[in-house]
Each structure stands twice: as structure tokens, then as C-alpha cells.
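Participant: Handing over start.cif, mmCIF, C-alpha atoms.
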```cif
data_final
loop_
_atom_site.label_atom_id
_atom_site.label_comp_id
_atom_site.auth_asym_id
_atom_site.auth_seq_id
_atom_site.Cartn_x
_atom_site.Cartn_y
_atom_site.Cartn_z
CA MET A 245 -20.49 -16.75 11.42
CA ALA A 246 -19.78 -13.12 12.18
CA THR A 247 -22.07 -13.22 15.17
CA GLU A 248 -20.47 -16.39 16.48
CA TYR A 249 -16.79 -15.51 16.08
CA GLY A 250 -16.63 -11.87 15.12
CA GLN A 251 -17.02 -10.09 18.44
CA GLY A 252 -14.24 -7.75 19.46
CA TYR A 253 -12.49 -7.41 16.13
CA GLY A 254 -12.59 -3.61 15.87
CA LEU A 255 -9.53 -1.45 16.37
CA PRO A 256 -9.09 0.17 19.79
CA THR A 257 -11.13 3.31 20.20
CA GLY A 258 -11.82 5.85 22.90
CA PRO A 259 -9.97 8.73 24.49
CA GLY A 260 -7.09 6.59 25.59
CA HIS A 261 -6.16 5.94 21.99
CA ALA A 262 -6.25 9.50 20.63
CA ARG A 263 -2.55 9.71 20.02
CA GLY A 264 -0.34 11.78 17.80
CA VAL A 265 2.76 10.96 15.82
CA GLY A 266 5.04 8.56 17.61
CA GLY A 267 2.31 7.41 20.01
CA ARG A 268 2.20 10.60 22.09
CA ARG A 269 -1.15 11.53 23.57
CA HIS A 270 -2.22 15.10 22.82
CA ARG A 271 -4.20 16.94 25.46
CA MET A 272 -4.98 19.87 23.14
CA PRO A 273 -7.44 19.38 20.25
CA ALA A 274 -5.99 19.36 16.75
CA ALA A 275 -7.83 22.57 15.80
CA LEU A 276 -6.10 24.52 18.58
CA ARG A 277 -2.60 23.12 18.25
CA ALA A 278 -2.44 23.29 14.43
CA PRO A 279 -0.99 26.85 14.24
CA VAL A 280 2.02 25.92 16.37
CA GLU A 281 2.69 22.44 14.99
CA GLY A 282 5.79 21.81 12.98
CA ARG A 283 3.75 20.42 10.11
CA ALA A 284 1.88 23.71 9.69
CA TRP A 285 5.13 25.71 9.52
CA ARG A 286 6.68 23.27 7.04
CA GLU A 287 3.63 23.53 4.79
CA LEU A 288 3.76 27.32 5.11
CA ALA A 289 7.43 27.24 4.09
CA TYR A 290 6.55 25.05 1.11
CA VAL A 291 3.92 27.51 -0.12
CA LEU A 292 6.18 30.53 0.38
CA LEU A 293 9.03 28.87 -1.50
CA SER A 294 6.75 27.69 -4.30
CA LEU A 295 6.28 31.19 -5.77
CA PRO A 296 9.94 32.06 -6.47
CA ILE A 297 10.73 28.49 -7.48
CA SER A 298 7.74 28.29 -9.82
CA ILE A 299 8.80 31.57 -11.47
CA LEU A 300 12.21 30.07 -12.20
CA LEU A 301 10.66 26.82 -13.44
CA PHE A 302 8.16 28.57 -15.68
CA THR A 303 10.81 30.90 -17.10
CA TYR A 304 13.19 28.05 -17.84
CA ALA A 305 10.54 25.78 -19.35
CA VAL A 306 8.91 28.40 -21.57
CA THR A 307 12.21 29.90 -22.70
CA MET A 308 13.89 26.60 -23.54
CA VAL A 309 10.86 25.02 -25.20
CA SER A 310 10.17 28.19 -27.22
CA LEU A 311 13.80 28.32 -28.28
CA GLY A 312 13.77 24.66 -29.26
CA ALA A 313 10.49 24.99 -31.13
CA GLY A 314 11.78 28.06 -32.96
CA LEU A 315 14.94 26.22 -34.00
CA LEU A 316 13.14 23.13 -35.24
CA VAL A 317 13.55 24.41 -38.78
CA THR A 318 17.23 23.68 -38.23
CA PHE A 319 18.92 20.68 -36.71
CA LEU A 320 19.66 22.62 -33.49
CA GLY A 321 16.00 22.65 -32.41
CA VAL A 322 15.89 18.95 -31.55
CA PRO A 323 18.84 18.86 -29.10
CA VAL A 324 17.71 22.16 -27.53
CA LEU A 325 14.25 20.70 -26.97
CA ALA A 326 15.81 17.53 -25.54
CA ALA A 327 17.97 19.63 -23.22
CA ALA A 328 14.85 21.50 -22.06
CA LEU A 329 13.09 18.25 -21.23
CA ALA A 330 16.19 16.86 -19.50
CA GLY A 331 16.35 20.00 -17.39
CA CYS A 332 12.70 19.55 -16.46
CA ARG A 333 13.48 15.99 -15.35
CA GLY A 334 16.20 17.37 -13.10
CA ILE A 335 13.79 19.96 -11.76
CA GLY A 336 11.40 17.12 -10.99
CA SER A 337 14.04 15.48 -8.78
CA VAL A 338 14.48 18.72 -6.83
CA GLU A 339 10.73 19.15 -6.42
CA ARG A 340 10.30 15.58 -5.20
CA ALA A 341 13.01 16.21 -2.60
CA ARG A 342 11.32 19.47 -1.53
CA ALA A 343 7.95 17.75 -1.20
CA ARG A 344 9.57 14.94 0.76
CA GLY A 345 11.26 17.31 3.19
CA LEU A 346 8.46 19.83 3.74
CA LEU A 347 5.24 17.93 2.97
CA GLY A 348 6.31 14.44 4.04
CA LEU A 349 5.33 13.15 0.59
CA ASP A 350 7.46 10.19 -0.42
CA VAL A 351 7.18 9.89 -4.20
CA GLY A 352 9.07 7.15 -5.98
CA GLU A 353 11.53 7.81 -8.75
CA PRO A 354 9.98 7.71 -12.23
CA GLU A 355 11.10 5.20 -14.79
CA PRO A 356 14.63 5.87 -16.11
CA LEU A 357 15.44 6.64 -19.71
CA ARG A 358 15.42 3.57 -21.93
CA LEU A 359 18.19 3.98 -24.50
CA LYS A 360 17.52 1.84 -27.56
CA ARG A 361 20.95 2.74 -28.90
CA GLN A 362 24.04 4.30 -27.40
CA GLY A 363 25.33 7.75 -28.16
CA PHE A 364 24.05 11.30 -28.21
CA MET A 365 21.29 10.63 -30.73
CA GLY A 366 20.04 7.69 -28.73
CA TRP A 367 19.88 9.89 -25.62
CA ILE A 368 17.94 12.60 -27.50
CA GLY A 369 15.44 10.04 -28.76
CA ALA A 370 14.98 8.54 -25.29
CA VAL A 371 14.38 11.97 -23.70
CA LEU A 372 11.87 13.03 -26.36
CA LYS A 373 9.96 9.73 -26.16
CA SER A 374 9.86 9.60 -22.35
CA GLY A 375 6.50 10.44 -20.83
CA THR A 376 8.28 11.44 -17.62
CA SER A 377 10.02 14.29 -19.45
CA TRP A 378 6.79 15.73 -20.81
CA ARG A 379 5.00 15.38 -17.47
CA ALA A 380 7.85 17.28 -15.79
CA LEU A 381 7.49 20.01 -18.43
CA LEU A 382 3.76 20.20 -17.77
CA TYR A 383 4.45 20.49 -14.04
CA SER A 384 6.88 23.37 -14.64
CA VAL A 385 4.22 25.27 -16.58
CA LEU A 386 1.24 24.56 -14.31
CA GLN A 387 3.07 25.20 -11.06
CA LEU A 388 3.27 28.99 -11.56
CA PRO A 389 -0.46 29.91 -11.66
CA TRP A 390 -1.20 27.59 -8.78
CA ALA A 391 1.76 28.93 -6.77
CA VAL A 392 0.53 32.49 -7.29
CA LEU A 393 -2.94 31.57 -6.03
CA SER A 394 -1.75 29.56 -3.02
CA PHE A 395 0.87 32.19 -2.11
CA THR A 396 -1.70 35.00 -2.23
CA VAL A 397 -4.29 33.14 -0.17
CA THR A 398 -1.75 31.91 2.38
CA VAL A 399 0.00 35.22 2.94
CA THR A 400 -3.33 37.04 3.18
CA PHE A 401 -4.85 34.72 5.77
CA TRP A 402 -1.62 34.30 7.72
CA SER A 403 -0.79 38.01 7.95
CA VAL A 404 -4.37 39.09 8.70
CA GLY A 405 -4.79 36.41 11.36
CA TRP A 406 -1.62 37.11 13.31
CA THR A 407 -1.99 40.88 12.89
CA LEU A 408 -5.50 40.93 14.33
CA LEU A 409 -4.66 38.39 17.03
CA ALA A 410 -1.78 40.55 18.27
CA TYR A 411 -3.77 43.79 18.00
CA PRO A 412 -4.07 44.23 21.79
CA LEU A 413 -0.27 44.32 21.95
CA TRP A 414 0.40 46.86 19.21
CA PHE A 415 -2.73 49.02 18.79
CA TRP A 416 -1.00 51.82 20.73
CA VAL A 417 1.30 52.26 17.73
CA LEU A 418 -1.47 53.93 15.68
CA PRO A 419 -2.26 56.88 18.00
CA THR A 420 1.39 57.32 18.83
CA TYR A 421 2.91 57.23 15.35
CA ALA A 422 0.01 57.38 12.85
CA GLY A 423 -2.13 60.03 14.47
CA GLN A 424 -5.31 57.93 14.68
CA ASP A 425 -7.04 56.09 17.50
CA GLY A 426 -6.71 52.57 16.08
CA ILE A 427 -7.56 50.45 13.03
CA GLN A 428 -10.05 52.41 10.95
CA LEU A 429 -13.08 50.23 10.31
CA TYR A 430 -15.05 52.92 8.41
CA GLY A 431 -14.52 56.53 7.49
CA ASP A 432 -15.82 59.36 5.30
CA GLU A 433 -15.70 63.17 5.35
CA GLN A 434 -18.09 63.41 8.27
CA ARG A 435 -17.07 60.63 10.63
CA ALA A 436 -14.70 57.68 11.17
CA ILE A 437 -15.05 54.50 13.16
CA TYR A 438 -11.95 53.15 14.90
CA LEU A 439 -11.36 49.94 16.85
CA ASP A 440 -10.14 51.65 19.97
CA ASN A 441 -12.17 50.55 23.02
CA PRO A 442 -11.48 47.37 25.01
CA PHE A 443 -14.54 45.54 23.66
CA GLU A 444 -13.65 46.27 20.03
CA ILE A 445 -10.03 45.34 20.65
CA ALA A 446 -11.12 42.01 22.19
CA VAL A 447 -13.47 41.29 19.27
CA THR A 448 -10.67 42.12 16.82
CA ALA A 449 -8.34 39.71 18.60
CA GLY A 450 -11.09 37.04 18.54
CA VAL A 451 -11.48 37.45 14.77
CA GLY A 452 -7.72 37.20 14.44
CA LEU A 453 -7.78 34.00 16.47
CA LEU A 454 -10.33 32.52 14.09
CA PHE A 455 -8.19 33.46 11.10
CA THR A 456 -5.09 32.07 12.80
CA LEU A 457 -6.77 28.75 13.61
CA ALA A 458 -8.22 28.44 10.10
CA THR A 459 -5.02 29.31 8.22
CA PRO A 460 -3.17 25.96 8.79
CA TRP A 461 -6.15 24.02 7.46
CA ILE A 462 -6.46 26.31 4.45
CA VAL A 463 -2.75 25.90 3.75
CA ARG A 464 -3.10 22.14 4.17
CA ALA A 465 -5.92 22.09 1.62
CA LEU A 466 -3.78 24.12 -0.80
CA THR A 467 -0.78 21.84 -0.37
CA THR A 468 -3.02 18.86 -1.03
CA VAL A 469 -3.21 20.06 -4.62
CA ASP A 470 0.59 20.32 -4.64
CA ARG A 471 0.79 16.75 -3.39
CA VAL A 472 -1.48 15.59 -6.21
CA MET A 473 0.58 17.47 -8.80
CA VAL A 474 3.90 16.15 -7.54
CA HIS A 475 2.62 12.59 -7.26
CA GLY A 476 0.81 12.60 -10.59
CA LEU A 477 3.28 14.55 -12.76
CA LEU A 478 6.67 13.88 -11.17
CA GLY A 479 6.22 10.35 -9.84
CA PRO A 480 6.22 7.04 -11.72
CA SER A 481 3.36 6.47 -14.11
CA ARG A 482 0.74 3.84 -13.39
CA LEU A 483 2.02 1.73 -16.26
CA ALA A 484 5.59 1.82 -14.98
CA THR A 485 4.42 1.02 -11.45
CA ARG A 486 2.39 -1.88 -12.76
CA VAL A 487 5.38 -3.20 -14.73
CA VAL A 488 7.53 -3.11 -11.59
CA GLU A 489 4.82 -4.94 -9.63
CA LEU A 490 4.49 -7.60 -12.32
CA GLU A 491 8.26 -8.10 -12.45
CA SER A 492 8.32 -8.53 -8.67
CA ASP A 493 5.33 -10.87 -8.77
CA ARG A 494 6.96 -12.92 -11.52
CA GLY A 495 10.03 -13.36 -9.33
CA VAL A 496 7.85 -14.49 -6.43
CA VAL A 497 6.02 -16.98 -8.65
CA VAL A 498 9.29 -18.40 -10.00
CA ASP A 499 10.78 -18.71 -6.51
CA THR A 500 7.59 -20.33 -5.19
CA ALA A 501 7.48 -22.82 -8.05
CA ALA A 502 11.15 -23.68 -7.52
CA ALA A 503 10.57 -24.18 -3.80
CA ASP A 504 7.57 -26.41 -4.49
CA LEU A 505 9.60 -28.52 -6.92
CA ARG A 506 12.38 -28.89 -4.35
CA ARG A 507 9.83 -29.89 -1.71
CA ILE A 508 8.29 -32.53 -3.99
CA GLU A 509 11.73 -33.84 -4.91
CA ARG A 510 12.74 -34.02 -1.24
CA ASP A 511 9.51 -35.76 -0.24
CA LEU A 512 9.91 -38.32 -3.01
CA HIS A 513 13.56 -38.93 -2.23
CA ASP A 514 13.20 -39.15 1.55
CA GLY A 515 9.80 -40.85 1.62
CA ALA A 516 8.34 -43.04 -1.10
CA GLN A 517 11.60 -43.60 -2.99
CA ALA A 518 13.45 -44.79 0.13
CA ARG A 519 10.58 -47.11 1.03
CA LEU A 520 10.48 -48.56 -2.49
CA VAL A 521 14.23 -49.20 -2.37
CA ASN A 522 13.86 -51.02 0.96
CA LEU A 523 10.88 -52.90 -0.49
CA ALA A 524 12.97 -54.11 -3.43
CA MET A 525 15.73 -55.27 -1.10
CA ASP A 526 13.27 -57.09 1.19
CA LEU A 527 11.62 -58.85 -1.75
CA GLY A 528 15.05 -59.86 -3.03
CA LEU A 529 15.93 -61.41 0.33
CA ALA A 530 12.53 -63.10 0.50
CA LYS A 531 13.11 -64.61 -2.94
CA GLU A 532 16.47 -66.05 -1.82
CA LYS A 533 14.96 -67.59 1.35
CA LEU A 534 11.83 -68.88 -0.35
CA ARG A 535 13.27 -72.39 -0.81
CA GLU A 536 15.44 -72.56 2.30
CA ASP A 537 13.01 -71.06 4.86
CA PRO A 538 9.48 -70.54 3.45
CA GLN A 539 8.11 -69.25 6.77
CA ALA A 540 10.78 -66.54 7.08
CA ALA A 541 10.17 -65.61 3.43
CA ALA A 542 6.43 -65.30 4.11
CA ARG A 543 7.11 -62.97 7.06
CA MET A 544 9.34 -60.84 4.87
CA VAL A 545 6.66 -60.69 2.19
CA ASP A 546 4.12 -59.56 4.81
CA GLU A 547 6.49 -56.83 5.93
CA ALA A 548 7.01 -55.83 2.31
CA HIS A 549 3.24 -55.66 1.87
CA GLY A 550 3.04 -53.22 4.79
CA GLU A 551 5.80 -51.15 3.24
CA VAL A 552 3.82 -51.01 -0.01
CA LYS A 553 0.76 -49.70 1.82
CA THR A 554 2.85 -47.07 3.61
CA ALA A 555 4.50 -45.99 0.34
CA LEU A 556 1.09 -45.72 -1.36
CA GLN A 557 -0.22 -43.57 1.50
CA GLU A 558 2.81 -41.28 1.24
CA LEU A 559 2.35 -40.98 -2.52
CA ARG A 560 -1.34 -40.26 -1.99
CA ASP A 561 -0.53 -37.51 0.52
CA LEU A 562 2.08 -36.07 -1.82
CA ALA A 563 -0.41 -36.02 -4.70
CA ARG A 564 -2.96 -34.34 -2.46
CA GLY A 565 -0.36 -31.68 -1.65
CA ILE A 566 0.22 -31.04 -5.37
CA HIS A 567 -3.43 -30.89 -6.41
CA PRO A 568 -6.07 -33.01 -4.70
CA ALA A 569 -8.38 -35.02 -6.93
CA VAL A 570 -11.42 -34.03 -4.88
CA LEU A 571 -10.79 -30.38 -5.78
CA THR A 572 -10.79 -31.14 -9.48
CA ASP A 573 -13.81 -33.46 -9.32
CA ARG A 574 -16.09 -31.75 -6.80
CA GLY A 575 -14.83 -28.19 -6.25
CA LEU A 576 -13.94 -26.03 -3.28
CA ASP A 577 -16.83 -27.03 -1.02
CA ALA A 578 -15.91 -30.71 -0.90
CA ALA A 579 -12.14 -30.08 -0.93
CA LEU A 580 -12.27 -27.61 1.97
CA SER A 581 -14.57 -29.92 3.91
CA ALA A 582 -11.95 -32.65 3.53
CA VAL A 583 -9.24 -30.27 4.79
CA ALA A 584 -11.43 -29.22 7.72
CA SER A 585 -12.00 -32.85 8.70
CA ARG A 586 -8.23 -33.26 9.17
CA CYS A 587 -7.93 -30.17 11.38
CA THR A 588 -7.39 -30.77 15.10
CA VAL A 589 -10.28 -28.46 16.08
CA PRO A 590 -13.91 -28.49 14.89
CA VAL A 591 -14.25 -26.37 11.74
CA GLN A 592 -17.45 -25.05 10.21
CA VAL A 593 -17.17 -24.64 6.41
CA GLU A 594 -19.52 -22.48 4.36
CA VAL A 595 -18.94 -22.03 0.61
CA ASP A 596 -21.37 -19.71 -1.18
CA LEU A 597 -20.43 -19.80 -4.87
CA SER A 598 -22.89 -20.01 -7.75
CA GLU A 599 -20.14 -21.18 -10.12
CA ARG A 600 -16.61 -22.46 -9.89
CA PRO A 601 -13.66 -20.12 -10.36
CA ALA A 602 -10.82 -20.81 -12.76
CA PRO A 603 -8.72 -23.86 -11.79
CA ALA A 604 -5.66 -21.74 -10.96
CA ILE A 605 -7.62 -19.45 -8.62
CA GLU A 606 -9.45 -22.44 -7.16
CA GLY A 607 -6.14 -24.15 -6.38
CA ILE A 608 -4.69 -21.06 -4.73
CA ALA A 609 -7.84 -20.66 -2.62
CA TYR A 610 -7.63 -24.31 -1.55
CA PHE A 611 -4.00 -24.15 -0.49
CA THR A 612 -4.53 -20.80 1.25
CA VAL A 613 -7.28 -22.20 3.45
CA SER A 614 -5.32 -25.41 3.95
CA GLU A 615 -2.27 -23.54 5.22
CA LEU A 616 -4.37 -21.29 7.44
CA LEU A 617 -6.07 -24.31 9.02
CA GLN A 618 -2.65 -25.87 9.61
CA ASN A 619 -1.69 -22.72 11.51
CA VAL A 620 -4.89 -23.07 13.54
CA SER A 621 -3.97 -26.66 14.41
CA LYS A 622 -0.35 -25.89 15.30
CA HIS A 623 -0.31 -22.47 16.92
CA SER A 624 -3.73 -21.06 17.80
CA ARG A 625 -4.76 -23.29 20.75
CA ALA A 626 -8.31 -22.74 19.54
CA THR A 627 -11.38 -24.83 20.26
CA LEU A 628 -13.49 -23.63 17.33
CA ALA A 629 -12.78 -22.40 13.81
CA ALA A 630 -14.79 -21.41 10.77
CA VAL A 631 -14.11 -21.08 7.05
CA GLU A 632 -16.24 -18.96 4.77
CA VAL A 633 -15.86 -18.54 1.00
CA TRP A 634 -17.94 -16.23 -1.16
CA ARG A 635 -17.76 -14.02 -4.24
CA SER A 636 -17.90 -10.22 -4.07
CA GLU A 637 -18.17 -8.76 -7.58
CA ASP A 638 -14.84 -9.56 -9.26
CA ARG A 639 -13.12 -10.88 -6.11
CA LEU A 640 -13.08 -14.29 -4.46
CA MET A 641 -13.21 -13.82 -0.69
CA LEU A 642 -11.84 -16.30 1.85
CA GLN A 643 -12.08 -15.95 5.60
CA VAL A 644 -10.73 -18.19 8.36
CA VAL A 645 -11.66 -17.36 11.96
CA ASP A 646 -10.65 -19.08 15.19
CA ASN A 647 -11.13 -18.36 18.90
CA GLY A 648 -7.51 -19.03 19.82
CA VAL A 649 -4.93 -16.93 21.64
CA GLY A 650 -4.28 -14.54 18.73
CA GLY A 651 -1.02 -12.70 18.19
CA ALA A 652 -0.57 -13.68 14.52
CA ASN A 653 1.42 -11.07 12.61
CA LEU A 654 2.46 -10.70 8.98
CA SER A 655 5.60 -8.74 9.85
CA ARG A 656 7.37 -11.53 11.73
CA GLY A 657 8.52 -13.44 8.67
CA SER A 658 6.25 -16.40 9.48
CA GLY A 659 4.32 -18.60 7.10
CA LEU A 660 1.69 -15.88 6.87
CA ALA A 661 4.25 -13.57 5.25
CA GLY A 662 5.06 -16.19 2.62
CA LEU A 663 1.37 -16.78 2.05
CA ALA A 664 0.83 -13.03 1.58
CA GLU A 665 3.62 -12.97 -1.02
CA ARG A 666 2.01 -15.83 -2.93
CA LEU A 667 -1.34 -14.07 -2.97
CA ASP A 668 0.26 -10.79 -4.00
CA ALA A 669 1.79 -12.57 -7.00
CA VAL A 670 -1.73 -13.04 -8.44
CA ASP A 671 -3.06 -9.61 -7.33
CA GLY A 672 -4.43 -11.06 -4.12
CA ILE A 673 -4.51 -9.55 -0.63
CA LEU A 674 -4.09 -11.09 2.82
CA VAL A 675 -5.35 -9.19 5.88
CA VAL A 676 -4.71 -10.47 9.41
CA ASP A 677 -6.64 -9.21 12.42
CA SER A 678 -5.27 -11.04 15.45
CA PRO A 679 -5.14 -9.06 18.69
CA ALA A 680 -3.38 -10.59 21.68
CA GLY A 681 -5.80 -12.90 23.43
CA GLY A 682 -7.72 -13.55 20.24
CA PRO A 683 -9.79 -14.17 18.32
CA THR A 684 -7.99 -14.29 14.97
CA ARG A 685 -9.59 -13.37 11.65
CA VAL A 686 -7.61 -13.86 8.42
CA THR A 687 -9.22 -12.56 5.23
CA ALA A 688 -7.86 -13.27 1.76
CA GLU A 689 -8.95 -11.74 -1.53
CA LEU A 690 -8.25 -13.27 -4.92
CA PRO A 691 -9.20 -12.00 -8.36
CA TRP A 692 -12.25 -13.80 -9.72
CA ARG A 693 -11.93 -15.52 -13.05
CA ALA A 694 -14.74 -17.80 -14.12
CA GLU A 695 -14.10 -21.43 -14.91
CA ARG A 696 -13.66 -22.30 -18.55
CA ALA A 697 -14.76 -25.61 -19.96
CA ARG A 698 -12.64 -28.26 -18.30
#
```
Let's see the structure in the file written out as C-alpha cells.
Facilitator:
Amino acid sequence: MATEYGQGYGLPTGPGHARGVGGRRHRMPAALRAPVEGRAWRELAYVLLSLPISILLFTYAVTMVSLGAGLLVTFLGVPVLAAALAGCRGIGSVERARARGLLGLDVGEPEPLRLKRQGFMGWIGAVLKSGTSWRALLYSVLQLPWAVLSFTVTVTFWSVGWTLLAYPLWFWVLPTYAGQDGIQLYGDEQRAIYLDNPFEIAVTAGVGLLFTLATPWIVRALTTVDRVMVHGLLGPSRLATRVVELESDRGVVVDTAAADLRRIERDLHDGAQARLVNLAMDLGLAKEKLREDPQAAARMVDEAHGEVKTALQELRDLARGIHPAVLTDRGLDAALSAVASRCTVPVQVEVDLSERPAPAIEGIAYFTVSELLQNVSKHSRATLAAVEVWRSEDRLMLQVVDNGVGGANLSRGSGLAGLAERLDAVDGILVVDSPAGGPTRVTAELPWRAERAR
């Protein structure tokens, strides 16, 4: 299928797409413009500020924790230790703001204190039990040795680079004010070697240029460690992040279930129920006319019979929308083939599964493909489409491709956005690749759970 429908799906490449921040095209390579970019100077400022700040953090953390630990033999040690940890939490907020402003690192707020009881003692217990507090303390202690190393390396490379690069401009200072011909490269009692001729001055400036060009990348590598420390020690824990995701997913599931119930209720009320009410009224009129006008009564019964067939078809369609019987009896292959047969364009279906997934995952996969094929019928203006389903380790993969006009986008609040939210509620992913002019490729991933005995 990839060879039939997958041509031209890659992202734009080539010189015309080498753009910087904000879509601007840079004529100078990144290696040459790095020393004068704002990002390099912000990272340099971060490293230079880290040393004095880390000294203050280390002093505060060690002093307060040592004081609290020393006073643990009395009651005062516990609140002092809690105050130390609370201060470290506040320090974490400042460090997150500094990383956000200078490194462009947006770290979420960690989980707040969970007070099991009100009052001062409840606050002390919450601070001491909070993992965020202890991670902030660990950051305050570890930041100093790393700040010393990064400060030393950065200042050394930065000063040496710019000093040597500017040597042609200031080398005259040495013979004028220092009494020597230039930078002394080597010297003993018998002789001395100075960088004083034009060739040596040019080579010195070239070495300085190399140092100057390398320094931003060295600083960037050093600040990468700072990014990891801030994100790992001062940001939300994985457990807290997962809890927030599950709470959000639970809300999506509840809202989706409520919307589905309202849809079913509306379809029953406006469709089958209304037809059955009309059917009852028609049969009542036919019963009254049965003796007076048998032919008119027969016509009314025939009409009622047609209404019964229409109501049964609507109920059948409604049941298929809730959970089709063919999916339960024969699995995804047959169910998706039935959906494809109702699509307005020819659809090739290929399901490569050695076993059936869990019913819940199977149902979500069915309705995902069904909705995507409805989009193909309504909006794509395609002439061909293909559906492929397979398993990749612990993920169930779905892919719907069409050769339509493209332009599908998750960010426009369309049905694709709602579908992505539904998949996200079960740890699924929806990826849309739909350039203008087509073709469109929509890939969905669902967690694989094997089918239990039905």
C-alpha cells in the first residue's frame, strides 16, 4: 500500500526550507553565526549567574538542613527542617523562572502540597513527605559542583577565544606597556619565543576564531545538563504527570460517554420512536375503518408495514453505531470490510492480526476507521482509499490513506480533533499527514491488549 499511495509524504526539504526561528531564512551557517546569536549570550549569562546563585543555594541548604538535623533531639529540629525544605521549594520556583527566561526551558509546576489536616503541624508533615521538597534540596546541593565546572570551562574558553581573536588589534600593548614583543609562547634563560610577526599574529587570530566558534556549542552542551537537572529535580514527577494525564483522560471519557448517550437518545426520540408513534396511530385508524372501508384500511396497513420496515432499519443502523454485531462475531477484518463497502470511494482493506485485541480496543479501532472513512466520503474528493491494520509490539496500528485534495488538520477543531482526544483517553495517538493537494495519511496507535475469553 505504501508504494501505491505513499508517494510524496515526506516533509519539505532542501535549501529553500532551511529556516530559523520565526520562519526566517539564514544565509550564514549555524556554526558561524552561533557566537553572535542571542541564544548563545543568554546561555552564557545563565552559566555566569549559576556560580554565585549556586553558592547561595548550597550555603542555605547545607546550613538549614544541618541546623535542623542537629536540633532533631529537640522539638525545634522538625520545623527547622521543614522550613529548609520549604525554602528549597521556593528556590526551585526561582530556578525554573531563570531557566525559562535564559534557556527557553518551560518546566511545569510540580505537584502542590497535599495537606491531610489543617494547621501548622499538617503543613510540616506535608512538606516533609513531599518528594518535590527533597528533590529541590538535592538540586540545591548538586548545583554548586556543576556550576563551578561549567563556569570554569565557559570562562576559560570564552576569554581565550576572544582574546586570541582580537590579538591583531591589541598586540601592540605588550611592547608598549609590558616591555616584550608580544605573547610569549616559550621562554627560558637563553631564549624566548614571541608571537610578534604577521604570520604568527594571523595564526593566533585563527586559533582564537576556532575557540570563539566552539565556545557556544560547549556552553550549549554544559547547559544541557542544567536543563536535565531543572527538568528532573524541579519539575513535576512522572507519577504526578501521569496522574494529571489520567484525570484529564477520565474527563474526556466521561464527556464522550455522555455525548454518545445524548446522541443515542436523540436518534431514538427523533427516529424510531417517532415512527413507532405514527405506526400506532395509523394502525388505530385502520382498525376503526376496517368495517366501514376495508380497502382504505388495507392501504393503511400496507403503509404501516412500510413504516415498520423503516423503523427496523433505523434501529439496525443505531445498533450498528453502538456496537456492530459483525465486529463481535467476526472481528475487525469483516467489520472494516463492511464499513469500506459503504464508503463512496473504492477502499482496499488489509488486516494483519494473528489474534484479536481486547473488545474495548477493537471497538475503538473500528469506530476510528469508520469515522476516518466518513471523512474520506464527505471531504476528501478522493477516488481511492486504503485501510491497513497491523500490530507492532505492544501497539495496534491503524492507517487510512486517500488520494484526495488533502488539507486535513488537527488544529482546526474538526472531527479529527475530537477523534484525537478519544484516542488520547486510552493512551492512543493520532497523526495526520495531509499536505495541500494531497494525499492524506492518517495513522492511529492504540495500546495492544490481547483478547480474553469472550
Participant: Convert the output of the PyMOL selection byres ((chain A and resi 683) around 6) on the shown file into explicit residues, formatted as a count of residues only.
Facilitator: 6
Participant: To box stretch 446-463 of chain A, take all atoms listed in the file, fit an axis-aligned box, add 4 Å on each side, and give centre and edge lengths in Å to one decimal, as JSON.
Facilitator:
```
{"center_x": -8.1, "center_y": 33.1, "center_z": 13.0, "size_x": 18.7, "size_y": 26.1, "size_z": 26.4}
```
Participant: For A:Leu413, which residue among A:Ala652, A:Leu393, A:Ile445, A:Met544 is the nearest when counting all atoms listed in the file?
Facilitator: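 Closest residue, counting all atoms listed in the file: A:Ile445.
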Participant: Which residue out of A:Ala330, A:Val317, A:Ala449, A:Leu571 has the minimum interatomic distance to A:Val583 when all atoms listed in the file are used?
Facilitator: A:Leu571
Participant: I'd like the interatomic distance between atom CA of A:Ile673 and atom CA of A:Asp577, to a tenth of an Å.
Facilitator: 21.4 Å
Participant: Would you compute the distance between atom CA of A:Trp378 and atom CA of A:Arg333? Give it in Å to one decimal.
Facilitator: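 Between atom CA of A:Trp378 and atom CA of A:Arg333 the gap works out to 8.6 Å.
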Participant: Would you compute the distance between atom CA of A:Glu689 and atom CA of A:Gly575? Give it in Å to one decimal.
Facilitator: 18.1 Å
